[in-house]
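File shown: final-v9.csv. Contents: CSV, C-alpha atoms.
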```csv
chain,number,residue,atom,x,y,z
S,67,MET,CA,248.4,46.7,5.2
S,68,GLU,CA,247.2,44.0,2.9
S,69,ILE,CA,244.0,46.0,2.3
S,70,SER,CA,246.0,49.1,1.3
S,71,LEU,CA,248.1,47.0,-1.1
S,72,LEU,CA,245.0,45.6,-2.8
S,73,ALA,CA,243.3,49.0,-2.8
S,74,LEU,CA,246.3,50.5,-4.6
S,75,GLY,CA,246.1,47.9,-7.4
S,76,ILE,CA,242.3,48.3,-7.7
S,77,GLY,CA,242.6,52.0,-7.7
S,78,PHE,CA,245.1,52.0,-10.5
S,79,VAL,CA,243.0,49.8,-12.7
S,80,LEU,CA,239.9,52.0,-12.0
S,81,ASP,CA,242.0,55.1,-13.0
S,82,LEU,CA,243.0,53.4,-16.3
S,83,ILE,CA,239.4,52.5,-17.1
S,84,LEU,CA,237.4,55.5,-15.8
S,85,GLY,CA,239.9,58.4,-15.7
S,86,ASP,CA,239.6,61.4,-13.4
S,87,PRO,CA,236.1,61.8,-11.8
S,88,GLN,CA,234.6,65.1,-12.6
S,89,GLY,CA,232.5,67.2,-10.2
S,90,LEU,CA,232.7,69.2,-7.1
S,91,TRP,CA,232.9,66.1,-4.9
S,92,HIS,CA,236.4,65.3,-6.1
S,93,PRO,CA,238.6,65.3,-2.9
S,94,ILE,CA,241.4,67.3,-4.5
S,95,ARG,CA,238.8,70.1,-5.1
S,96,VAL,CA,237.9,69.8,-1.4
S,97,ILE,CA,241.6,70.2,-0.5
S,98,GLY,CA,241.8,73.2,-2.8
S,99,TRP,CA,238.8,74.7,-1.0
S,100,TRP,CA,240.4,74.1,2.4
S,101,ILE,CA,243.6,75.7,1.2
S,102,SER,CA,241.7,78.9,0.1
S,103,THR,CA,239.7,78.9,3.3
S,104,CYS,CA,242.8,78.6,5.5
S,105,GLU,CA,244.7,81.2,3.6
S,106,LYS,CA,241.9,83.8,4.0
S,107,GLY,CA,241.7,83.1,7.7
S,108,ILE,CA,245.4,83.1,8.3
S,109,ARG,CA,246.0,86.3,6.5
S,110,LYS,CA,243.5,88.0,8.8
S,111,ILE,CA,245.5,87.1,11.9
S,112,VAL,CA,249.2,87.3,10.9
S,113,PRO,CA,251.0,90.6,10.3
S,114,ASP,CA,251.7,91.6,6.7
S,115,THR,CA,255.5,91.3,7.3
S,116,GLU,CA,258.1,88.9,6.1
S,117,LYS,CA,258.2,87.0,9.4
S,118,GLY,CA,254.4,87.1,9.8
S,119,LEU,CA,253.8,85.8,6.3
S,120,LEU,CA,256.5,83.0,6.7
S,121,ALA,CA,254.8,82.0,10.0
S,122,GLY,CA,251.4,82.1,8.3
S,123,GLY,CA,252.7,79.8,5.6
S,124,VAL,CA,253.9,77.3,8.1
S,125,LEU,CA,250.5,77.3,9.8
S,126,LEU,CA,248.9,76.8,6.4
S,127,VAL,CA,251.0,73.6,5.8
S,128,VAL,CA,250.2,72.2,9.2
S,129,LEU,CA,246.4,72.9,8.9
S,130,VAL,CA,246.2,71.6,5.3
S,131,THR,CA,248.3,68.4,5.7
S,132,GLY,CA,246.6,67.7,9.1
S,133,PHE,CA,243.1,67.9,7.7
S,134,SER,CA,243.9,66.1,4.4
S,135,THR,CA,245.5,63.2,6.3
S,136,ALA,CA,243.2,63.0,9.3
S,137,VAL,CA,239.9,62.8,7.2
S,138,PRO,CA,240.9,59.7,5.2
S,139,VAL,CA,242.3,58.0,8.3
S,140,VAL,CA,239.1,58.5,10.3
S,141,LEU,CA,236.9,57.4,7.3
S,142,LEU,CA,239.0,54.3,6.7
S,143,TRP,CA,239.1,53.4,10.4
S,144,SER,CA,235.3,53.8,10.7
S,145,ALA,CA,234.8,51.7,7.5
S,146,HIS,CA,237.0,49.0,8.9
S,147,MET,CA,235.0,48.9,12.1
S,148,VAL,CA,232.0,48.0,10.0
S,149,SER,CA,233.6,45.6,7.5
S,150,PRO,CA,237.1,45.0,6.0
S,151,TRP,CA,235.3,44.8,2.6
S,152,LEU,CA,233.8,48.2,3.1
S,153,CYS,CA,237.2,49.5,4.0
S,154,LEU,CA,238.7,47.9,0.9
S,155,ALA,CA,236.0,49.5,-1.3
S,156,LEU,CA,236.5,52.9,0.2
S,157,GLU,CA,240.3,52.9,0.1
S,158,SER,CA,240.2,51.6,-3.5
S,159,ILE,CA,238.0,54.6,-4.5
S,160,MET,CA,240.4,56.9,-2.7
S,161,CYS,CA,243.4,55.5,-4.5
S,162,TYR,CA,241.6,55.8,-7.8
S,163,GLN,CA,240.9,59.5,-7.1
S,164,LEU,CA,244.5,60.2,-6.3
S,165,LEU,CA,245.9,58.9,-9.7
S,166,ALA,CA,245.7,60.8,-13.0
S,167,THR,CA,247.0,58.4,-15.7
S,168,LYS,CA,244.0,58.4,-18.0
S,169,SER,CA,243.1,62.0,-17.4
S,170,LEU,CA,246.6,63.2,-18.3
S,171,LYS,CA,246.4,61.3,-21.5
S,172,THR,CA,242.8,62.5,-22.2
S,173,GLU,CA,243.7,66.1,-21.7
S,174,SER,CA,246.9,66.1,-23.7
S,175,MET,CA,245.2,64.2,-26.5
S,176,LYS,CA,242.7,67.1,-26.8
S,177,VAL,CA,245.7,69.2,-27.8
S,178,TYR,CA,246.8,66.6,-30.3
S,179,LYS,CA,243.4,66.4,-31.9
S,180,GLU,CA,243.2,70.2,-32.4
S,181,LEU,CA,246.7,70.3,-33.9
S,182,VAL,CA,246.0,67.5,-36.4
S,183,LYS,CA,242.9,69.6,-37.5
S,184,SER,CA,245.3,72.6,-37.9
S,185,ASP,CA,243.2,74.5,-35.4
S,186,LEU,CA,246.0,76.5,-33.7
S,187,LYS,CA,243.5,78.6,-31.7
S,188,GLY,CA,241.7,75.5,-30.4
S,189,ALA,CA,245.1,73.8,-29.6
S,190,ARG,CA,246.2,76.9,-27.7
S,191,TYR,CA,243.0,76.8,-25.7
S,192,ALA,CA,243.3,73.0,-25.0
S,193,VAL,CA,246.9,73.3,-23.8
S,194,SER,CA,246.0,76.3,-21.6
S,195,MET,CA,243.9,73.9,-19.6
S,196,ILE,CA,247.0,71.8,-18.6
S,197,VAL,CA,249.8,74.3,-18.4
S,198,GLY,CA,250.5,77.4,-16.3
S,199,ARG,CA,252.3,79.4,-19.0
S,200,ASP,CA,250.7,82.0,-21.3
S,201,THR,CA,249.7,80.2,-24.6
S,202,GLU,CA,248.6,83.1,-26.8
S,203,ARG,CA,252.0,83.4,-28.5
S,204,LEU,CA,252.7,79.6,-28.9
S,205,THR,CA,253.3,78.3,-32.4
S,206,GLU,CA,252.1,74.8,-33.4
S,207,GLU,CA,255.5,73.4,-32.3
S,208,GLY,CA,255.3,75.4,-29.1
S,209,VAL,CA,251.8,73.9,-28.3
S,210,ALA,CA,253.0,70.4,-29.0
S,211,LYS,CA,256.1,70.9,-26.9
S,212,ALA,CA,254.1,72.3,-24.0
S,213,ALA,CA,251.8,69.2,-24.1
S,214,VAL,CA,254.7,66.8,-24.1
S,215,GLU,CA,256.4,68.7,-21.2
S,216,THR,CA,253.2,68.5,-19.2
S,217,VAL,CA,252.9,64.7,-19.8
S,218,ALA,CA,256.5,64.3,-18.7
S,219,GLU,CA,256.4,66.4,-15.6
S,220,ASN,CA,253.0,65.0,-14.4
S,221,THR,CA,254.1,61.5,-14.8
S,222,SER,CA,256.0,62.1,-11.6
S,223,ASP,CA,253.7,64.5,-9.8
S,224,GLY,CA,250.4,63.0,-10.8
S,225,ILE,CA,251.1,59.3,-10.9
S,226,ILE,CA,254.4,57.9,-9.6
S,227,ALA,CA,254.8,60.1,-6.5
S,228,PRO,CA,251.2,59.5,-5.3
S,229,MET,CA,251.8,55.7,-5.9
S,230,ILE,CA,254.9,55.8,-3.8
S,231,PHE,CA,253.2,57.5,-0.9
S,232,MET,CA,250.2,55.2,-1.2
S,233,ALA,CA,252.5,52.1,-1.2
S,234,ILE,CA,254.0,53.4,2.0
S,235,GLY,CA,251.0,54.8,3.9
S,236,GLY,CA,247.9,53.7,2.0
S,237,ALA,CA,245.4,56.2,0.8
S,238,ALA,CA,246.0,58.5,3.7
S,239,GLY,CA,249.7,58.8,2.7
S,240,GLY,CA,248.5,59.6,-0.8
S,241,PHE,CA,246.3,62.4,0.4
S,242,PHE,CA,249.1,63.7,2.5
S,243,TYR,CA,251.3,64.0,-0.6
S,244,LYS,CA,248.5,65.5,-2.8
S,245,SER,CA,247.7,68.1,-0.1
S,246,VAL,CA,251.3,69.4,-0.3
S,247,ASN,CA,251.4,69.2,-4.1
S,248,THR,CA,248.1,71.1,-4.4
S,249,MET,CA,249.3,73.8,-2.0
S,250,ASP,CA,252.4,74.2,-4.1
S,251,SER,CA,250.3,74.7,-7.2
S,252,MET,CA,248.1,77.3,-5.4
S,253,VAL,CA,250.5,79.3,-3.3
S,254,GLY,CA,254.0,78.2,-4.3
S,255,TYR,CA,254.7,81.3,-6.5
S,256,LYS,CA,257.6,83.7,-6.2
S,257,ASN,CA,255.4,86.8,-6.7
S,258,ASP,CA,254.5,89.6,-4.3
S,259,ARG,CA,251.5,87.8,-2.8
S,260,TYR,CA,253.2,84.4,-2.2
S,261,LEU,CA,256.9,85.0,-2.0
S,262,TYR,CA,256.9,84.5,1.8
S,263,PHE,CA,253.5,83.1,2.5
S,264,GLY,CA,253.9,80.2,0.0
S,265,ARG,CA,257.6,79.5,0.7
S,266,CYS,CA,257.0,76.7,3.2
S,267,ALA,CA,254.6,74.9,0.9
S,268,ALA,CA,257.0,75.2,-2.0
S,269,LEU,CA,260.0,73.9,0.0
S,270,PHE,CA,258.0,71.1,1.5
S,271,ASP,CA,256.8,70.0,-2.0
S,272,ASP,CA,260.4,70.0,-3.2
S,273,VAL,CA,261.4,67.8,-0.3
S,274,LEU,CA,258.5,65.3,-0.8
S,275,ASN,CA,259.2,65.1,-4.5
S,276,TYR,CA,263.0,64.7,-4.3
S,277,ILE,CA,263.1,60.9,-4.3
S,278,PRO,CA,259.9,60.3,-6.3
S,279,ALA,CA,261.2,62.5,-9.2
S,280,ARG,CA,264.4,60.5,-9.5
S,281,ILE,CA,262.6,57.1,-9.2
S,282,SER,CA,260.1,58.3,-11.9
S,283,ALA,CA,263.0,59.2,-14.2
S,284,TRP,CA,264.7,55.8,-13.9
S,285,LEU,CA,261.4,54.0,-14.3
S,286,MET,CA,260.7,56.1,-17.4
S,287,ILE,CA,264.2,55.2,-18.8
S,288,ALA,CA,263.4,51.5,-18.3
S,289,ALA,CA,259.9,52.0,-19.8
S,290,SER,CA,261.4,53.7,-22.9
S,291,ARG,CA,263.2,50.5,-23.8
S,292,VAL,CA,260.0,48.4,-23.4
S,293,ILE,CA,258.1,50.5,-26.0
S,294,GLY,CA,261.1,50.8,-28.4
S,295,LEU,CA,262.2,54.4,-27.8
S,296,ASP,CA,265.8,55.5,-27.5
S,297,ARG,CA,266.7,54.3,-24.0
S,298,LYS,CA,270.4,55.2,-24.3
S,299,ASN,CA,269.7,58.7,-25.3
S,300,ALA,CA,267.1,59.0,-22.6
S,301,ARG,CA,269.7,58.1,-20.0
S,302,LYS,CA,272.3,60.4,-21.5
S,303,ILE,CA,270.1,63.4,-21.6
S,304,TYR,CA,268.7,62.6,-18.1
S,305,LEU,CA,272.2,62.6,-16.6
S,306,ARG,CA,273.2,65.7,-18.5
S,307,ASP,CA,270.1,67.9,-18.3
S,308,ARG,CA,268.2,66.8,-15.1
S,309,TYR,CA,269.0,70.0,-13.3
S,310,ASN,CA,268.1,72.4,-16.2
S,311,HIS,CA,265.2,73.8,-14.2
S,312,ALA,CA,264.6,76.3,-11.4
S,313,SER,CA,263.0,73.4,-9.4
S,314,PRO,CA,265.3,70.6,-8.2
S,315,ASN,CA,262.8,68.0,-9.4
S,316,SER,CA,260.9,69.2,-12.4
S,317,ALA,CA,263.5,68.6,-15.1
S,318,HIS,CA,264.1,64.9,-14.3
S,319,THR,CA,261.2,63.3,-16.2
S,320,GLU,CA,261.3,66.1,-18.8
S,321,ALA,CA,265.0,65.2,-19.5
S,322,VAL,CA,264.1,61.5,-19.9
S,323,MET,CA,261.2,62.4,-22.3
S,324,ALA,CA,263.4,64.7,-24.4
S,325,GLY,CA,266.1,62.0,-24.7
S,326,ALA,CA,263.7,59.2,-25.4
S,327,LEU,CA,261.9,61.2,-28.2
S,328,ARG,CA,265.2,62.8,-29.4
S,329,VAL,CA,263.7,66.3,-29.2
S,330,GLN,CA,264.5,69.5,-27.3
S,331,LEU,CA,262.1,70.7,-24.6
S,332,ALA,CA,261.8,73.6,-22.2
S,333,GLY,CA,263.5,77.0,-23.1
S,334,ASP,CA,262.0,80.5,-22.7
S,335,ALA,CA,258.3,80.8,-21.8
S,336,TRP,CA,255.8,83.5,-21.1
S,337,TYR,CA,254.1,83.7,-17.7
S,338,PHE,CA,251.6,86.4,-16.8
S,339,GLY,CA,252.8,88.6,-19.6
S,340,LYS,CA,256.5,88.3,-18.7
S,341,LEU,CA,259.1,86.3,-20.6
S,342,HIS,CA,261.1,84.0,-18.4
S,343,LYS,CA,264.5,82.8,-19.6
S,344,LYS,CA,264.9,79.0,-19.2
S,345,LYS,CA,267.5,76.5,-20.1
S,346,PHE,CA,266.8,73.9,-22.8
S,347,ILE,CA,266.5,70.2,-22.1
S,348,GLY,CA,267.6,67.7,-24.8
S,349,ASP,CA,269.1,68.2,-28.2
S,350,PRO,CA,267.2,69.6,-31.3
S,351,TYR,CA,267.6,66.6,-33.5
S,352,ARG,CA,264.2,67.5,-35.0
S,353,PRO,CA,261.1,69.7,-34.3
S,354,VAL,CA,258.5,68.6,-31.8
S,355,VAL,CA,255.4,67.4,-33.7
S,356,PRO,CA,251.9,66.5,-32.7
S,357,GLU,CA,252.7,62.8,-33.0
S,358,ASP,CA,255.1,63.3,-30.1
S,359,ILE,CA,252.1,63.8,-27.8
S,360,ARG,CA,250.9,60.3,-28.6
S,361,THR,CA,254.3,58.9,-28.1
S,362,ALA,CA,254.7,60.7,-24.8
S,363,ASN,CA,251.4,59.1,-23.6
S,364,ARG,CA,252.7,55.7,-24.6
S,365,LEU,CA,255.7,56.3,-22.4
S,366,LEU,CA,253.5,57.6,-19.7
S,367,TYR,CA,251.4,54.4,-19.6
S,368,ALA,CA,254.4,52.1,-19.9
S,369,THR,CA,256.0,54.0,-16.9
S,370,ALA,CA,252.8,53.8,-14.9
S,371,VAL,CA,252.4,50.1,-15.4
S,372,LEU,CA,256.0,49.4,-14.6
S,373,ALA,CA,255.7,51.5,-11.5
S,374,ILE,CA,252.6,49.8,-10.1
S,375,ALA,CA,254.2,46.4,-10.7
S,376,VAL,CA,257.4,47.4,-8.9
S,377,PHE,CA,255.7,49.2,-5.9
S,378,THR,CA,253.1,46.5,-5.3
S,379,GLY,CA,255.6,43.8,-5.8
S,380,LEU,CA,258.0,45.3,-3.3
S,381,LYS,CA,255.3,46.0,-0.7
S,382,ALA,CA,254.0,42.4,-1.1
S,383,LEU,CA,257.5,41.1,-0.5
S,384,ILE,CA,257.9,43.2,2.6
S,385,LEU,CA,254.5,42.1,4.0
S,386,PHE,CA,255.5,38.4,3.3
S,387,MET,CA,258.8,38.8,5.1
S,388,ILE,CA,257.1,40.4,8.1
```
For the file at hand, write its structure as C-alpha cells.
Amino acid sequence: MEISLLALGIGFVLDLILGDPQGLWHPIRVIGWWISTCEKGIRKIVPDTEKGLLAGGVLLVVLVTGFSTAVPVVLLWSAHMVSPWLCLALESIMCYQLLATKSLKTESMKVYKELVKSDLKGARYAVSMIVGRDTERLTEEGVAKAAVETVAENTSDGIIAPMIFMAIGGAAGGFFYKSVNTMDSMVGYKNDRYLYFGRCAALFDDVLNYIPARISAWLMIAASRVIGLDRKNARKIYLRDRYNHASPNSAHTEAVMAGALRVQLAGDAWYFGKLHKKKFIGDPYRPVVPEDIRTANRLLYATAVLAIAVFTGLKALILFMI
C-alpha cells in the first residue's frame, strides 16, 4: 500500500512534467483495442434483439474490466516478486499514464493559440480533437466555450476520478476506472447501434463517476478561491445548475467553471449533423473569450494539485492509523 501511495505521487509529478505519452503502446489505446475486439466477437454470438444486445453489453463490461484490471495486477505482482523498487517504478509509470493534466492543458491551449491568431478554421480543427460535437458551425465564442467546457468536464473524468481510484486501489484501481470510462466513450451512445449494447457500460460509468464528479466540483470550488476567481459565484452556480445535463455527473464541474469564470456554458450543440437542445449552465455576464481557456487551465491545475494533496494525505493518514 505504501508503494501505491508513493507511485501515485510520482505519477502525478511525471504527468505534470511529461504530459500524455504518445504512441500505440499507450495502455488506454490497448484497452480501446480490446473493447473493439470484444465487441466484434460478442456481436457474432448474441442475437440482434433488445435482450441479446443488453446481455452482450454486460458481457463486454465483464471482459473489458476483467482484462484491464487483471493485467496490471499480474504485472505489479510479478515486479514485486523481483524487487519492491521495480514494482514502484512500474506502478509509478502506470499512474502517470492514467492522468491527463498536462495533456488536457496542451490540447486546449492549441485552441487558444489558433483563436488569438484569428484563425477560426484552425481553431475549429483544434477543438474538434478534444470534443465530440460537430465544430463546423462554431463561432469564435463557440470554439472558446467548447474548449472551456472540455477542460471543466475532463478535470473530473481525466484527473480527479482516476486519482480517487488509484488512491483506493493503486494503479489497478485506476485501470479499472479508465476501462469503464473508455467503454462509455466508445459504446455509450443512444443511437441505433449502441442503444442497448452500450447501455450497461454507460450506466456503470455513471455509477463510478457519481461520487468523483461531486468531489471534483467541491475541490474546484476551493481551488477557485486559491487562484483568485469568484468562489462564491462558483458555489452558487454549482448548487443551481449541477443537474443541467442529460448525464447525472457531467454538469458538476462545468457548473463550477461557469460560476468561477462568470460566463454561461453549455446550451444547444450539433452532433452528427443533428441539433441537440441543451440547458444552459451559468449566467451570461459576458461572452466567453479565448483568455477564458487559459484561466480554465489555471483552475484545472489548482484543482489537480489540491486533489493530490488531499488524497495522498488522507491515504497516508489511514496507513499510519492502521
Between CA of Leu154 (chain S) and CA of Asp223 (chain S), distance in Å (one decimal)
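Computing it gives 24.8 Å between the two atoms.
Environment of (266.9, 82.4, -18.8): residues at most 10 Å away, judged by all atoms listed in the file, are His311, Ala312, Gly333, Asp334, Ala335, Leu341, His342, Lys343, Lys344, Lys345 and Phe346 of chain S.
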Take CA of Thr135 (chain S) and CA of Cys104 (chain S) and report the distance between them in Å, one decimal.
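CA of Cys104 (chain S) lies 15.7 Å from CA of Thr135 (chain S).
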Hey, which of S:Val79, S:Ala317, S:Ile69, S:Ile94 ends up closest to Val371 (chain S)? Count only C-alpha atoms.
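Checking each candidate against Val371 (chain S), we get S:Val79 as the closest.
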Report, in Å to a single decimal, how far apart CA of Trp151 (chain S) and CA of Gly235 (chain S) are.
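Atom-to-atom, CA of Gly235 (chain S) and CA of Trp151 (chain S) are spaced 18.7 Å apart.
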If I put a ball of radius 9 Å at (246.0, 63.4, 0.1) in the file's coordinates, which residues poke into it when counting all atoms listed in the file, written as a list in words?
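I get Pro93, Ile94, Ile97, Thr131, Ser134, Thr135, Pro138, Leu164, Pro228, Ala237, Ala238, Gly239, Gly240, Phe241, Phe242, Tyr243, Lys244, Ser245, Val246 and Asn247 of chain S for the residues within 9 Å of that point.
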Mind dumping the selected residues with C-alpha atoms as a JSON list (two decimals), keeping the file's coordinate frame?
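File produced: result_1.json:
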```json
[["chain", "number", "residue", "atom", "x", "y", "z"],
["S", 93, "PRO", "CA", 238.60, 65.30, -2.90],
["S", 94, "ILE", "CA", 241.40, 67.30, -4.50],
["S", 97, "ILE", "CA", 241.60, 70.20, -0.50],
["S", 131, "THR", "CA", 248.30, 68.40, 5.70],
["S", 134, "SER", "CA", 243.90, 66.10, 4.40],
["S", 135, "THR", "CA", 245.50, 63.20, 6.30],
["S", 138, "PRO", "CA", 240.90, 59.70, 5.20],
["S", 164, "LEU", "CA", 244.50, 60.20, -6.30],
["S", 228, "PRO", "CA", 251.20, 59.50, -5.30],
["S", 237, "ALA", "CA", 245.40, 56.20, 0.80],
["S", 238, "ALA", "CA", 246.00, 58.50, 3.70],
["S", 239, "GLY", "CA", 249.70, 58.80, 2.70],
["S", 240, "GLY", "CA", 248.50, 59.60, -0.80],
["S", 241, "PHE", "CA", 246.30, 62.40, 0.40],
["S", 242, "PHE", "CA", 249.10, 63.70, 2.50],
["S", 243, "TYR", "CA", 251.30, 64.00, -0.60],
["S", 244, "LYS", "CA", 248.50, 65.50, -2.80],
["S", 245, "SER", "CA", 247.70, 68.10, -0.10],
["S", 246, "VAL", "CA", 251.30, 69.40, -0.30],
["S", 247, "ASN", "CA", 251.40, 69.20, -4.10]]
```
Axis-aligned box over every listed atom of region 380-388 of chain S, padded by 3 Å per side: centre and edges in Å to one decimal, as AutoDock Vina command-line options?
```
--center_x 256.4 --center_y 42.2 --center_z 2.4 --size_x 10.8 --size_y 13.6 --size_z 17.4
```
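Considering the residues S:Gly75, S:Gly208, S:Gly325, S:Gly236 and counting only C-alpha atoms, Arg308 (chain S) has its shortest atom-to-atom contact with S:Gly325.
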Residue among S:Ala166, S:Val292, S:Leu261, S:Ile101 lying closest to Thr115 (chain S), counting all atoms listed in the file
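Nearest candidate to Thr115 (chain S) out of S:Ala166, S:Val292, S:Leu261, S:Ile101: S:Leu261.
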Determine the nearest neighbour of Tyr276 (chain S) from the options S:Arg109, S:Lys187, S:His318, S:Arg199, counting all atoms listed in the file.
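Distance minimum relative to Tyr276 (chain S) lands on S:His318.
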Set the distance at 12 Å and use all atoms listed in the file: which residues neighbour Asn257 (chain S) once local chain neighbours fewer than 6 positions away are removed? I'd like the list as a PyMOL selection string.
chain S and resi 263-265+337-338
So that I have them on file, write out the residues from the current selection with C-alpha atoms, as an mmCIF file, in the frame of the given file.
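Once written, result.cif looks like this:
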```cif
data_model
loop_
_atom_site.group_PDB
_atom_site.id
_atom_site.type_symbol
_atom_site.label_atom_id
_atom_site.label_comp_id
_atom_site.auth_asym_id
_atom_site.auth_seq_id
_atom_site.Cartn_x
_atom_site.Cartn_y
_atom_site.Cartn_z
ATOM 1 C CA PHE S 263 253.500 83.100 2.500
ATOM 2 C CA GLY S 264 253.900 80.200 0.000
ATOM 3 C CA ARG S 265 257.600 79.500 0.700
ATOM 4 C CA TYR S 337 254.100 83.700 -17.700
ATOM 5 C CA PHE S 338 251.600 86.400 -16.800
#
```
Near-region 293-305 of chain S list (7 Å; all atoms listed in the file; drop same-chain fewer than 6 positions) as a list in words:
Ile287, His318, Ala321, Val322, Met323, Gly325, Ala326, Leu327 and Gly348 of chain S
How about saving the chosen residues, C-alpha atoms kept, as a compact mmCIF listing (two decimals), keeping the file's coordinate frame?
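Final file, selection_22.txt:
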```txt
# COMPACT_ATOMS: atom_id res chain seq x y z
CA ILE S 287 264.20 55.20 -18.80
CA HIS S 318 264.10 64.90 -14.30
CA ALA S 321 265.00 65.20 -19.50
CA VAL S 322 264.10 61.50 -19.90
CA MET S 323 261.20 62.40 -22.30
CA GLY S 325 266.10 62.00 -24.70
CA ALA S 326 263.70 59.20 -25.40
CA LEU S 327 261.90 61.20 -28.20
CA GLY S 348 267.60 67.70 -24.80
```
Restricting the calculation to only C-alpha atoms: of S:Leu71, S:Ala283, S:Leu141, S:Val253, which residue gets closest to Asp271 (chain S)?
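Between S:Leu71, S:Ala283, S:Leu141, S:Val253, the residue approaching Asp271 (chain S) most closely is S:Val253.
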Point out the residue among S:Met249, S:Glu105, S:Asn220, S:Leu380 with the least atom-to-atom distance to Ala121 (chain S), counting all atoms listed in the file.
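For Ala121 (chain S), the nearest of the given residues is S:Glu105.
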Who sits within 12 Å of Glu173 (chain S), only C-alpha atoms, same chain under 2 positions skipped, as a PyMOL selection string:
chain S and resi 85-86+166-171+175-180+189+191-197+213-214+216-217+220+359-360+363
C-alpha atoms of the current selection, written as a CSV table (one decimal), in the coordinates of the input:
```csv
chain,number,residue,atom,x,y,z
S,85,GLY,CA,239.9,58.4,-15.7
S,86,ASP,CA,239.6,61.4,-13.4
S,166,ALA,CA,245.7,60.8,-13.0
S,167,THR,CA,247.0,58.4,-15.7
S,168,LYS,CA,244.0,58.4,-18.0
S,169,SER,CA,243.1,62.0,-17.4
S,170,LEU,CA,246.6,63.2,-18.3
S,171,LYS,CA,246.4,61.3,-21.5
S,175,MET,CA,245.2,64.2,-26.5
S,176,LYS,CA,242.7,67.1,-26.8
S,177,VAL,CA,245.7,69.2,-27.8
S,178,TYR,CA,246.8,66.6,-30.3
S,179,LYS,CA,243.4,66.4,-31.9
S,180,GLU,CA,243.2,70.2,-32.4
S,189,ALA,CA,245.1,73.8,-29.6
S,191,TYR,CA,243.0,76.8,-25.7
S,192,ALA,CA,243.3,73.0,-25.0
S,193,VAL,CA,246.9,73.3,-23.8
S,194,SER,CA,246.0,76.3,-21.6
S,195,MET,CA,243.9,73.9,-19.6
S,196,ILE,CA,247.0,71.8,-18.6
S,197,VAL,CA,249.8,74.3,-18.4
S,213,ALA,CA,251.8,69.2,-24.1
S,214,VAL,CA,254.7,66.8,-24.1
S,216,THR,CA,253.2,68.5,-19.2
S,217,VAL,CA,252.9,64.7,-19.8
S,220,ASN,CA,253.0,65.0,-14.4
S,359,ILE,CA,252.1,63.8,-27.8
S,360,ARG,CA,250.9,60.3,-28.6
S,363,ASN,CA,251.4,59.1,-23.6
```
Env of region 381-385 of chain S: 12 Å cut, atoms = only C-alpha atoms, seq-sep filter 4 positions within chain, self excluded. Answer as a list in words.
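Once the nearby chain positions are removed, what remains is Met67, Glu68, Ile69, Ser70, Leu71, Leu72, Leu74, Gly75, Met229, Ile230, Phe231, Met232, Ala233, Ile234, Gly235, Gly236, Ile374, Ala375, Val376 and Phe377 of chain S.
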Keeping only C-alpha atoms, write the selected residues as a PDB file, in the frame of the given file.
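So selection05.pdb came out as:
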```
ATOM      1  CA  MET S  67     248.400  46.700   5.200  1.00  0.00           C
ATOM      2  CA  GLU S  68     247.200  44.000   2.900  1.00  0.00           C
ATOM      3  CA  ILE S  69     244.000  46.000   2.300  1.00  0.00           C
ATOM      4  CA  SER S  70     246.000  49.100   1.300  1.00  0.00           C
ATOM      5  CA  LEU S  71     248.100  47.000  -1.100  1.00  0.00           C
ATOM      6  CA  LEU S  72     245.000  45.600  -2.800  1.00  0.00           C
ATOM      7  CA  LEU S  74     246.300  50.500  -4.600  1.00  0.00           C
ATOM      8  CA  GLY S  75     246.100  47.900  -7.400  1.00  0.00           C
ATOM      9  CA  MET S 229     251.800  55.700  -5.900  1.00  0.00           C
ATOM     10  CA  ILE S 230     254.900  55.800  -3.800  1.00  0.00           C
ATOM     11  CA  PHE S 231     253.200  57.500  -0.900  1.00  0.00           C
ATOM     12  CA  MET S 232     250.200  55.200  -1.200  1.00  0.00           C
ATOM     13  CA  ALA S 233     252.500  52.100  -1.200  1.00  0.00           C
ATOM     14  CA  ILE S 234     254.000  53.400   2.000  1.00  0.00           C
ATOM     15  CA  GLY S 235     251.000  54.800   3.900  1.00  0.00           C
ATOM     16  CA  GLY S 236     247.900  53.700   2.000  1.00  0.00           C
ATOM     17  CA  ILE S 374     252.600  49.800 -10.100  1.00  0.00           C
ATOM     18  CA  ALA S 375     254.200  46.400 -10.700  1.00  0.00           C
ATOM     19  CA  VAL S 376     257.400  47.400  -8.900  1.00  0.00           C
ATOM     20  CA  PHE S 377     255.700  49.200  -5.900  1.00  0.00           C
TER      21      PHE S 377
END
```
Output region 233-238 of chain S with N, CA, C and O atoms present, as a PDB file, in the coordinates of the input.
```pdb
ATOM      1  N   ALA S 233     251.828  53.416  -1.521  1.00  0.00           N
ATOM      2  CA  ALA S 233     252.500  52.100  -1.200  1.00  0.00           C
ATOM      3  C   ALA S 233     253.035  52.145   0.197  1.00  0.00           C
ATOM      4  O   ALA S 233     253.048  51.117   0.874  1.00  0.00           O
ATOM      5  N   ILE S 234     253.468  53.313   0.651  1.00  0.00           N
ATOM      6  CA  ILE S 234     254.000  53.400   2.000  1.00  0.00           C
ATOM      7  C   ILE S 234     252.948  53.586   3.062  1.00  0.00           C
ATOM      8  O   ILE S 234     252.950  52.899   4.091  1.00  0.00           O
ATOM      9  N   GLY S 235     252.016  54.488   2.823  1.00  0.00           N
ATOM     10  CA  GLY S 235     251.000  54.800   3.900  1.00  0.00           C
ATOM     11  C   GLY S 235     249.595  54.691   3.477  1.00  0.00           C
ATOM     12  O   GLY S 235     248.724  55.288   4.130  1.00  0.00           O
ATOM     13  N   GLY S 236     249.295  53.915   2.441  1.00  0.00           N
ATOM     14  CA  GLY S 236     247.900  53.700   2.000  1.00  0.00           C
ATOM     15  C   GLY S 236     247.340  55.023   1.448  1.00  0.00           C
ATOM     16  O   GLY S 236     248.063  55.980   1.132  1.00  0.00           O
ATOM     17  N   ALA S 237     246.025  55.062   1.345  1.00  0.00           N
ATOM     18  CA  ALA S 237     245.400  56.200   0.800  1.00  0.00           C
ATOM     19  C   ALA S 237     245.644  57.503   1.571  1.00  0.00           C
ATOM     20  O   ALA S 237     245.783  58.588   1.008  1.00  0.00           O
ATOM     21  N   ALA S 238     245.744  57.360   2.897  1.00  0.00           N
ATOM     22  CA  ALA S 238     246.000  58.500   3.700  1.00  0.00           C
ATOM     23  C   ALA S 238     247.388  59.121   3.379  1.00  0.00           C
ATOM     24  O   ALA S 238     247.553  60.344   3.328  1.00  0.00           O
TER      25      ALA S 238
END
```
